[in-house]
Structure formats: C-alpha cells, structure tokens
$ cat start_12.cif   # mmCIF, C-alpha atoms
data_query
loop_
_atom_site.group_PDB
_atom_site.id
_atom_site.type_symbol
_atom_site.label_atom_id
_atom_site.label_comp_id
_atom_site.auth_asym_id
_atom_site.auth_seq_id
_atom_site.Cartn_x
_atom_site.Cartn_y
_atom_site.Cartn_z
ATOM 1 C CA ASP L 27 -24.744 13.669 25.441
ATOM 2 C CA HIS L 28 -21.544 13.782 27.485
ATOM 3 C CA GLY L 29 -20.717 10.073 26.949
ATOM 4 C CA SER L 30 -21.204 10.123 23.190
ATOM 5 C CA MET L 31 -18.670 10.357 20.373
ATOM 6 C CA ALA L 32 -18.920 11.078 16.672
ATOM 7 C CA VAL L 33 -16.299 10.263 14.098
ATOM 8 C CA ILE L 34 -16.278 12.116 10.802
ATOM 9 C CA VAL L 35 -14.079 10.900 7.964
ATOM 10 C CA LEU L 36 -13.419 13.128 4.966
ATOM 11 C CA ASP L 37 -12.054 11.928 1.648
ATOM 12 C CA LEU L 38 -10.815 14.158 -1.167
ATOM 13 C CA ASP L 39 -12.589 12.865 -4.284
ATOM 14 C CA ARG L 40 -10.294 12.432 -7.315
ATOM 15 C CA PHE L 41 -7.302 13.850 -5.411
ATOM 16 C CA LYS L 42 -4.962 11.531 -7.328
ATOM 17 C CA ARG L 43 -5.407 13.891 -10.286
ATOM 18 C CA VAL L 44 -3.779 16.699 -8.265
ATOM 19 C CA ASN L 45 -0.603 14.662 -7.817
ATOM 20 C CA ASP L 46 -0.713 13.460 -11.433
ATOM 21 C CA GLU L 47 -1.233 16.920 -12.954
ATOM 22 C CA PHE L 48 0.682 19.186 -10.559
ATOM 23 C CA GLY L 49 3.176 16.852 -8.867
ATOM 24 C CA HIS L 50 3.448 15.454 -5.354
ATOM 25 C CA ALA L 51 4.997 18.623 -3.910
ATOM 26 C CA ARG L 52 1.899 20.593 -4.937
ATOM 27 C CA GLY L 53 -0.333 17.777 -3.681
ATOM 28 C CA ASP L 54 1.424 17.889 -0.291
ATOM 29 C CA GLU L 55 0.904 21.660 -0.197
ATOM 30 C CA VAL L 56 -2.825 21.181 -0.810
ATOM 31 C CA LEU L 57 -3.007 18.505 1.921
ATOM 32 C CA ARG L 58 -1.387 20.907 4.393
ATOM 33 C CA ALA L 59 -3.922 23.577 3.414
ATOM 34 C CA VAL L 60 -6.749 21.083 3.985
ATOM 35 C CA GLY L 61 -5.347 20.288 7.445
ATOM 36 C CA ASN L 62 -5.198 23.989 8.292
ATOM 37 C CA ALA L 63 -8.777 24.473 7.066
ATOM 38 C CA LEU L 64 -9.956 21.677 9.354
ATOM 39 C CA LYS L 65 -8.267 23.286 12.367
ATOM 40 C CA LYS L 66 -10.486 26.328 11.840
ATOM 41 C CA VAL L 67 -13.803 24.426 11.927
ATOM 42 C CA VAL L 68 -13.278 22.057 14.853
ATOM 43 C CA ARG L 69 -14.069 22.951 18.434
ATOM 44 C CA SER L 70 -11.295 23.018 21.040
ATOM 45 C CA GLU L 71 -12.369 19.622 22.390
ATOM 46 C CA ASP L 72 -12.408 17.992 18.929
ATOM 47 C CA CYS L 73 -9.441 16.282 17.333
ATOM 48 C CA ALA L 74 -8.718 16.536 13.596
ATOM 49 C CA ALA L 75 -6.043 14.378 11.964
ATOM 50 C CA ARG L 76 -4.875 13.111 8.614
ATOM 51 C CA LEU L 77 -5.443 9.363 8.456
ATOM 52 C CA GLY L 78 -3.176 8.946 5.438
ATOM 53 C CA GLY L 79 -3.302 9.582 1.732
ATOM 54 C CA ASP L 80 -6.185 11.966 1.134
ATOM 55 C CA ASP L 81 -8.263 10.893 4.147
ATOM 56 C CA PHE L 82 -8.844 13.029 7.230
ATOM 57 C CA ALA L 83 -10.823 12.366 10.401
ATOM 58 C CA ILE L 84 -12.422 14.435 13.114
ATOM 59 C CA ALA L 85 -13.273 12.965 16.519
ATOM 60 C CA VAL L 86 -16.122 14.917 18.100
ATOM 61 C CA PRO L 87 -16.762 14.116 21.771
ATOM 62 C CA GLY L 88 -20.277 14.738 23.063
ATOM 63 C CA ALA L 89 -21.755 14.967 19.571
ATOM 64 C CA ASP L 90 -25.164 13.882 18.406
ATOM 65 C CA PRO L 91 -25.887 13.174 14.713
ATOM 66 C CA GLY L 92 -27.003 16.797 14.111
ATOM 67 C CA LEU L 93 -23.795 18.305 15.445
ATOM 68 C CA ALA L 94 -21.690 15.711 13.612
ATOM 69 C CA ARG L 95 -23.384 16.551 10.313
ATOM 70 C CA ASP L 96 -22.971 20.291 10.962
ATOM 71 C CA ILE L 97 -19.236 19.915 11.605
ATOM 72 C CA ALA L 98 -18.840 17.629 8.572
ATOM 73 C CA GLU L 99 -20.581 20.178 6.335
ATOM 74 C CA ARG L 100 -18.535 23.068 7.766
ATOM 75 C CA ALA L 101 -15.358 21.037 7.152
ATOM 76 C CA ARG L 102 -16.346 20.300 3.539
ATOM 77 C CA GLU L 103 -17.107 23.998 2.952
ATOM 78 C CA ALA L 104 -13.823 25.097 4.556
ATOM 79 C CA ILE L 105 -11.866 22.657 2.386
ATOM 80 C CA ASP L 106 -13.763 23.828 -0.698
ATOM 81 C CA ARG L 107 -12.795 27.457 0.069
ATOM 82 C CA THR L 108 -9.163 26.336 0.506
ATOM 83 C CA ILE L 109 -8.826 24.683 -2.897
ATOM 84 C CA PRO L 110 -6.870 26.841 -5.365
ATOM 85 C CA GLN L 111 -8.902 27.761 -8.443
ATOM 86 C CA ASN L 112 -6.761 25.757 -10.869
ATOM 87 C CA ILE L 113 -7.130 22.532 -8.856
ATOM 88 C CA GLU L 114 -10.317 20.508 -9.065
ATOM 89 C CA PHE L 115 -11.498 17.978 -6.536
ATOM 90 C CA THR L 116 -14.464 17.632 -4.220
ATOM 91 C CA VAL L 117 -14.895 16.298 -0.701
ATOM 92 C CA SER L 118 -17.016 13.407 0.527
ATOM 93 C CA ALA L 119 -17.714 12.948 4.228
ATOM 94 C CA GLY L 120 -19.103 10.103 6.277
ATOM 95 C CA TYR L 121 -19.989 10.205 9.946
ATOM 96 C CA VAL L 122 -21.196 7.918 12.688
ATOM 97 C CA CYS L 123 -22.242 8.588 16.279
ATOM 98 C CA TRP L 124 -21.702 6.300 19.205
ATOM 99 C CA PRO L 125 -23.821 5.076 20.942
ATOM 100 C CA GLN L 126 -26.816 6.647 19.122
ATOM 101 C CA GLN L 127 -26.168 4.873 15.819
ATOM 102 C CA THR L 128 -24.021 1.902 16.759
ATOM 103 C CA ASN L 129 -22.581 0.001 19.681
ATOM 104 C CA GLU L 130 -19.614 -1.130 17.597
ATOM 105 C CA GLU L 131 -16.188 0.279 18.360
ATOM 106 C CA ASN L 132 -14.780 0.570 14.831
ATOM 107 C CA LEU L 133 -16.169 4.057 14.259
ATOM 108 C CA THR L 134 -13.557 5.056 11.684
ATOM 109 C CA GLU L 135 -14.427 1.997 9.566
ATOM 110 C CA LEU L 136 -18.144 2.712 9.843
ATOM 111 C CA ALA L 137 -17.644 6.360 8.854
ATOM 112 C CA GLY L 138 -15.534 5.059 5.952
ATOM 113 C CA SER L 139 -18.454 2.834 4.916
ATOM 114 C CA ALA L 140 -20.663 5.920 4.907
ATOM 115 C CA ILE L 141 -18.129 7.645 2.616
ATOM 116 C CA ALA L 142 -18.197 4.661 0.267
ATOM 117 C CA LEU L 143 -21.968 5.077 0.029
ATOM 118 C CA ALA L 144 -21.579 8.844 -0.545
ATOM 119 C CA LYS L 145 -19.122 8.139 -3.376
ATOM 120 C CA LYS L 146 -21.453 5.517 -4.836
ATOM 121 C CA GLN L 147 -24.087 8.281 -4.968
ATOM 122 C CA GLY L 148 -21.732 10.571 -6.890
ATOM 123 C CA GLY L 149 -19.490 11.952 -4.141
ATOM 124 C CA ASN L 150 -19.209 15.564 -3.015
ATOM 125 C CA ARG L 151 -21.698 14.978 -0.197
ATOM 126 C CA THR L 152 -22.003 14.099 3.478
ATOM 127 C CA GLN L 153 -23.456 10.712 4.355
ATOM 128 C CA ARG L 154 -24.607 9.553 7.788
ATOM 129 C CA TYR L 155 -23.804 5.959 8.702
ATOM 130 C CA ASP L 156 -26.881 3.777 8.409
ATOM 131 C CA LYS L 157 -26.409 0.059 8.914
ATOM 132 C CA LYS L 158 -29.340 -0.669 6.586
ATOM 133 C CA GLN L 159 -27.751 1.311 3.747
ATOM 134 C CA VAL L 160 -24.064 0.599 4.191
ATOM 135 C CA GLY L 161 -24.355 -2.836 5.755
ATOM 136 C CA VAL L 162 -23.850 -4.355 2.318
ATOM 137 C CA LEU L 163 -20.385 -2.808 2.155
ATOM 138 C CA PRO L 164 -17.761 -5.097 3.721
ATOM 139 C CA THR L 165 -15.922 -3.810 6.759
ATOM 140 C CA VAL L 166 -12.145 -4.080 6.954
ATOM 141 C CA ARG L 167 -12.604 -7.061 9.293
ATOM 142 C CA GLU L 168 -14.861 -8.808 6.748
ATOM 143 C CA GLN L 169 -12.396 -8.049 3.943
ATOM 144 C CA ARG L 170 -9.544 -9.461 6.054
ATOM 145 C CA GLU L 171 -11.551 -12.641 6.738
ATOM 146 C CA GLU L 172 -12.256 -13.043 3.018
ATOM 147 C CA ILE L 173 -8.560 -12.637 2.177
ATOM 148 C CA GLU L 174 -7.593 -15.126 4.905
ATOM 149 C CA ASP L 175 -10.066 -17.633 3.446
ATOM 150 C CA LEU L 176 -8.561 -17.149 -0.003
ATOM 151 C CA LEU L 177 -5.032 -17.602 1.323
ATOM 152 C CA ALA L 178 -6.038 -20.785 3.200
ATOM 153 C CA ASP L 179 -6.513 -22.493 -0.205
ATOM 154 C CA PRO L 180 -3.185 -24.105 -1.189
ATOM 155 C CA ASN L 181 -3.591 -22.913 -4.795
ATOM 156 C CA PRO L 182 -5.779 -19.814 -4.539
ATOM 157 C CA ILE L 183 -4.240 -17.854 -7.382
ATOM 158 C CA THR L 184 -3.513 -18.996 -10.918
ATOM 159 C CA PRO L 185 -1.291 -16.672 -12.933
ATOM 160 C CA VAL L 186 -2.422 -15.965 -16.478
ATOM 161 C CA PHE L 187 -0.204 -14.162 -18.969
ATOM 162 C CA GLN L 188 -1.799 -12.048 -21.653
ATOM 163 C CA PRO L 189 0.351 -10.952 -24.579
ATOM 164 C CA LEU L 190 0.819 -7.270 -25.366
ATOM 165 C CA VAL L 191 0.790 -6.891 -29.132
ATOM 166 C CA GLU L 192 2.254 -4.118 -31.288
ATOM 167 C CA LEU L 193 -0.745 -3.199 -33.443
ATOM 168 C CA ALA L 194 1.350 -1.955 -36.373
ATOM 169 C CA ASP L 195 2.981 -5.329 -37.112
ATOM 170 C CA GLY L 196 1.370 -7.873 -34.766
ATOM 171 C CA ARG L 197 4.561 -8.573 -32.774
ATOM 172 C CA VAL L 198 4.280 -9.669 -29.164
ATOM 173 C CA VAL L 199 6.226 -7.010 -27.241
ATOM 174 C CA GLY L 200 5.525 -8.140 -23.690
ATOM 175 C CA TYR L 201 3.073 -9.803 -21.377
ATOM 176 C CA GLU L 202 0.601 -8.614 -18.792
ATOM 177 C CA ALA L 203 0.399 -10.855 -15.722
ATOM 178 C CA LEU L 204 -3.117 -11.385 -14.400
ATOM 179 C CA ALA L 205 -4.246 -13.226 -11.267
ATOM 180 C CA ARG L 206 -7.237 -15.568 -11.320
ATOM 181 C CA PHE L 207 -8.689 -16.932 -8.087
ATOM 182 C CA SER L 208 -9.607 -20.613 -8.070
ATOM 183 C CA HIS L 209 -13.123 -19.858 -6.820
#
$ encode --input "start_12.cif" --output "structure tokens"
Amino acid sequence: DHGSMAVIVLDLDRFKRVNDEFGHARGDEVLRAVGNALKKVVRSEDCAARLGGDDFAIAVPGADPGLARDIAERAREAIDRTIPQNIEFTVSAGYVCWPQQTNEENLTELAGSAIALAKKQGGNRTQRYDKKQVGVLPTVREQREEIEDLLADPNPITPVFQPLVELADGRVVGYEALARFSH
C-alpha cells in the first residue's frame, strides 16, 4: 500500500557486555559494523538510523506486515553475520505497520513495545506489534504521566540509608542511598 509505513526497531541484546569486556572503542566499532550491515538490507526508499545506545530503526514506506517482518529478519541475520566470533550478543526486533496495525502516530514507541515483548520471551527474535499482547506495557507517554503524578506529590520520595558493612569485622564502611516512594 502506497500510503502505508512500517517502523522496525532493532535492539542488541546484552550489548552492554561488549563495552564492559572489550571497551567502548571496540563497542563503537561493532555499532558502526551493525550500521553498515543495515545499509545492505534496506531498500533505496527505506531509511535506517541509529536511535542511540544499541538501538537502531528502519522506516519502510509502503510496507505491509509481511514485508516489514522480512526486512526485520534480514536485518537480524545481517547483524548476526557481522558480529565478530569473540563477541556474543543477539538481536531483538519489533515492528509495527501503519495504518494496518494502528492509527497511532508513535510508531517507534509501539515497535519498542514489541521489542520489550520479544525480550520478555527470551530475546533474539522478531515480534510484531499487537495491541492485545503489548498493550500491558506502558508507552513513554504513560510512563511520563506516571512520573508527573509522582512528582506532583510534595513528598514523593523518602530517602533511606542502608549501611554497608565490612564482613570481616562488622564495621560500617559506607551507606547505600535508596529511594522509597510514598505510595
């Protein structure tokens, strides 16, 4: 359909380990390789971009759910082939098609909700947005509203300090600050 649009969001599962084990310079090198792999699977009319961190997105004009899934799977496979052998992570993808699946305009958020469901199911998979399945996951707007409600309370957060104890002799060597919400 000429007036349709799909958004695919890809997340590198457990990518933090790459930075922790190999350093940020190596992590940046892997992210560049992922970006280059995505360029090879998108069509000329598609747009692939890094959203930030280890998240990437592909905008696919004129796509139906079948084409969106096909491109998401090809992207996951291309990224998998790009990963050096000594580095381990997998890729989760979520996608949503407008207007076939939703009339909402926050397609990136909805595709992100589909990823959250894919990760909840173990990750390393592609998940289509389904309001019935991912509707229980809060959108960014709902999270923002919840935070605003919490901040509207004049005393929303109570600090609690937990001692850190040296096990060898029982000395208190510091404190961990914790936040407790009033409700």
$ resolve_selection --input "start_12.cif" --expression "the PyMOL selection byres ((chain L and resi 149-154) around 9)" --output "PyMOL selection string"
chain L and resi 36+38-39+91+94-95+98-99+102+115-123+137+140-148+155-156
$ closest_residue --input "start_12.cif" --among "L:Ala63, L:Ile113, L:Leu133, L:Ala75" --to "Ala101 in chain L" --atoms "all atoms listed in the file"
L:Ala63
$ axis_aligned_box --input "start_12.cif" --around "range 95-107 of chain L" --padding-each-side "3 Å" --output "AutoDock Vina command-line options"
--center_x -17.6 --center_y 22.0 --center_z 5.5 --size_x 17.5 --size_y 16.9 --size_z 18.3
$ atom_distance --input "start_12.cif" --atom1 "CA of Gly49 in chain L" --atom2 "CA of Pro110 in chain L"
14.6 Å
$ residues_around --input "start_12.cif" --residues "Asn112 in chain L" --least-positions-apart "5" --cutoff "12 Å" --atoms "all atoms listed in the file" --output "PDB file with C-alpha atoms, keeping the file's coordinate frame"
ATOM      1  CA  ARG L  43      -5.407  13.891 -10.286  1.00  0.00           C
ATOM      2  CA  VAL L  44      -3.779  16.699  -8.265  1.00  0.00           C
ATOM      3  CA  GLU L  47      -1.233  16.920 -12.954  1.00  0.00           C
ATOM      4  CA  PHE L  48       0.682  19.186 -10.559  1.00  0.00           C
ATOM      5  CA  ARG L  52       1.899  20.593  -4.937  1.00  0.00           C
ATOM      6  CA  VAL L  56      -2.825  21.181  -0.810  1.00  0.00           C
TER       7      VAL L  56
END
$ residues_around --input "start_12.cif" --residues "Leu77 in chain L" --least-positions-apart "2" --cutoff "10 Å" --atoms "only C-alpha atoms" --output "PyMOL selection string"
chain L and resi 35-37+74-75+79-84+134
$ closest_residue --input "start_12.cif" --among "L:Gly138, L:Ile97, L:Gln111, L:Met31" --to "Val67 in chain L" --atoms "all atoms listed in the file"
L:Ile97
$ closest_residue --input "start_12.cif" --among "L:Asp90, L:Asp72, L:Asp106, L:Glu135" --to "Val60 in chain L" --atoms "only C-alpha atoms"
L:Asp106
$ closest_residue --input "start_12.cif" --among "L:Lys157, L:Ile109, L:Asp179, L:Ile34" --to "Glu55 in chain L" --atoms "only C-alpha atoms"
L:Ile109
$ build_atoms --input "start_12.cif" --residues "range 30-52 of chain L" --atoms "N, CA and C atoms" --output "PDB file, keeping the file's coordinate frame"
ATOM      1  N   SER L  30     -21.125  10.505  24.600  1.00  0.00           N
ATOM      2  CA  SER L  30     -21.204  10.123  23.190  1.00  0.00           C
ATOM      3  C   SER L  30     -19.964  10.579  22.416  1.00  0.00           C
ATOM      4  N   MET L  31     -19.817  10.037  21.232  1.00  0.00           N
ATOM      5  CA  MET L  31     -18.670  10.357  20.373  1.00  0.00           C
ATOM      6  C   MET L  31     -19.107  10.234  18.916  1.00  0.00           C
ATOM      7  N   ALA L  32     -18.704  11.182  18.115  1.00  0.00           N
ATOM      8  CA  ALA L  32     -18.920  11.078  16.672  1.00  0.00           C
ATOM      9  C   ALA L  32     -17.557  11.029  16.003  1.00  0.00           C
ATOM     10  N   VAL L  33     -17.496  10.276  14.930  1.00  0.00           N
ATOM     11  CA  VAL L  33     -16.299  10.263  14.098  1.00  0.00           C
ATOM     12  C   VAL L  33     -16.726  10.641  12.690  1.00  0.00           C
ATOM     13  N   ILE L  34     -16.046  11.634  12.166  1.00  0.00           N
ATOM     14  CA  ILE L  34     -16.278  12.116  10.802  1.00  0.00           C
ATOM     15  C   ILE L  34     -15.031  11.779  10.006  1.00  0.00           C
ATOM     16  N   VAL L  35     -15.208  11.157   8.856  1.00  0.00           N
ATOM     17  CA  VAL L  35     -14.079  10.900   7.964  1.00  0.00           C
ATOM     18  C   VAL L  35     -14.343  11.649   6.672  1.00  0.00           C
ATOM     19  N   LEU L  36     -13.316  12.342   6.196  1.00  0.00           N
ATOM     20  CA  LEU L  36     -13.419  13.128   4.966  1.00  0.00           C
ATOM     21  C   LEU L  36     -12.442  12.564   3.943  1.00  0.00           C
ATOM     22  N   ASP L  37     -12.884  12.448   2.723  1.00  0.00           N
ATOM     23  CA  ASP L  37     -12.054  11.928   1.648  1.00  0.00           C
ATOM     24  C   ASP L  37     -12.083  12.920   0.495  1.00  0.00           C
ATOM     25  N   LEU L  38     -10.908  13.221  -0.051  1.00  0.00           N
ATOM     26  CA  LEU L  38     -10.815  14.158  -1.167  1.00  0.00           C
ATOM     27  C   LEU L  38     -11.045  13.379  -2.457  1.00  0.00           C
ATOM     28  N   ASP L  39     -12.209  13.581  -3.062  1.00  0.00           N
ATOM     29  CA  ASP L  39     -12.589  12.865  -4.284  1.00  0.00           C
ATOM     30  C   ASP L  39     -11.654  13.244  -5.438  1.00  0.00           C
ATOM     31  N   ARG L  40     -11.149  12.253  -6.124  1.00  0.00           N
ATOM     32  CA  ARG L  40     -10.294  12.432  -7.315  1.00  0.00           C
ATOM     33  C   ARG L  40      -9.018  13.224  -7.000  1.00  0.00           C
ATOM     34  N   PHE L  41      -8.509  13.111  -5.775  1.00  0.00           N
ATOM     35  CA  PHE L  41      -7.302  13.850  -5.411  1.00  0.00           C
ATOM     36  C   PHE L  41      -6.081  13.348  -6.167  1.00  0.00           C
ATOM     37  N   LYS L  42      -6.096  12.091  -6.581  1.00  0.00           N
ATOM     38  CA  LYS L  42      -4.962  11.531  -7.328  1.00  0.00           C
ATOM     39  C   LYS L  42      -4.618  12.399  -8.537  1.00  0.00           C
ATOM     40  N   ARG L  43      -5.633  13.001  -9.136  1.00  0.00           N
ATOM     41  CA  ARG L  43      -5.407  13.891 -10.286  1.00  0.00           C
ATOM     42  C   ARG L  43      -4.490  15.064  -9.932  1.00  0.00           C
ATOM     43  N   VAL L  44      -4.612  15.571  -8.693  1.00  0.00           N
ATOM     44  CA  VAL L  44      -3.779  16.699  -8.265  1.00  0.00           C
ATOM     45  C   VAL L  44      -2.314  16.299  -8.334  1.00  0.00           C
ATOM     46  N   ASN L  45      -1.987  15.144  -7.766  1.00  0.00           N
ATOM     47  CA  ASN L  45      -0.603  14.662  -7.817  1.00  0.00           C
ATOM     48  C   ASN L  45      -0.166  14.385  -9.250  1.00  0.00           C
ATOM     49  N   ASP L  46      -1.064  13.797 -10.047  1.00  0.00           N
ATOM     50  CA  ASP L  46      -0.713  13.460 -11.433  1.00  0.00           C
ATOM     51  C   ASP L  46      -0.482  14.712 -12.285  1.00  0.00           C
ATOM     52  N   GLU L  47      -1.315  15.732 -12.113  1.00  0.00           N
ATOM     53  CA  GLU L  47      -1.233  16.920 -12.954  1.00  0.00           C
ATOM     54  C   GLU L  47      -0.243  17.971 -12.446  1.00  0.00           C
ATOM     55  N   PHE L  48      -0.112  18.099 -11.125  1.00  0.00           N
ATOM     56  CA  PHE L  48       0.682  19.186 -10.559  1.00  0.00           C
ATOM     57  C   PHE L  48       1.917  18.704  -9.802  1.00  0.00           C
ATOM     58  N   GLY L  49       2.031  17.397  -9.586  1.00  0.00           N
ATOM     59  CA  GLY L  49       3.176  16.852  -8.867  1.00  0.00           C
ATOM     60  C   GLY L  49       2.885  16.662  -7.388  1.00  0.00           C
ATOM     61  N   HIS L  50       3.672  15.792  -6.762  1.00  0.00           N
ATOM     62  CA  HIS L  50       3.448  15.454  -5.354  1.00  0.00           C
ATOM     63  C   HIS L  50       3.746  16.623  -4.417  1.00  0.00           C
ATOM     64  N   ALA L  51       4.697  17.471  -4.776  1.00  0.00           N
ATOM     65  CA  ALA L  51       4.997  18.623  -3.910  1.00  0.00           C
ATOM     66  C   ALA L  51       3.767  19.531  -3.818  1.00  0.00           C
ATOM     67  N   ARG L  52       3.120  19.766  -4.937  1.00  0.00           N
ATOM     68  CA  ARG L  52       1.899  20.593  -4.937  1.00  0.00           C
ATOM     69  C   ARG L  52       0.776  19.872  -4.203  1.00  0.00           C
TER      70      ARG L  52
END
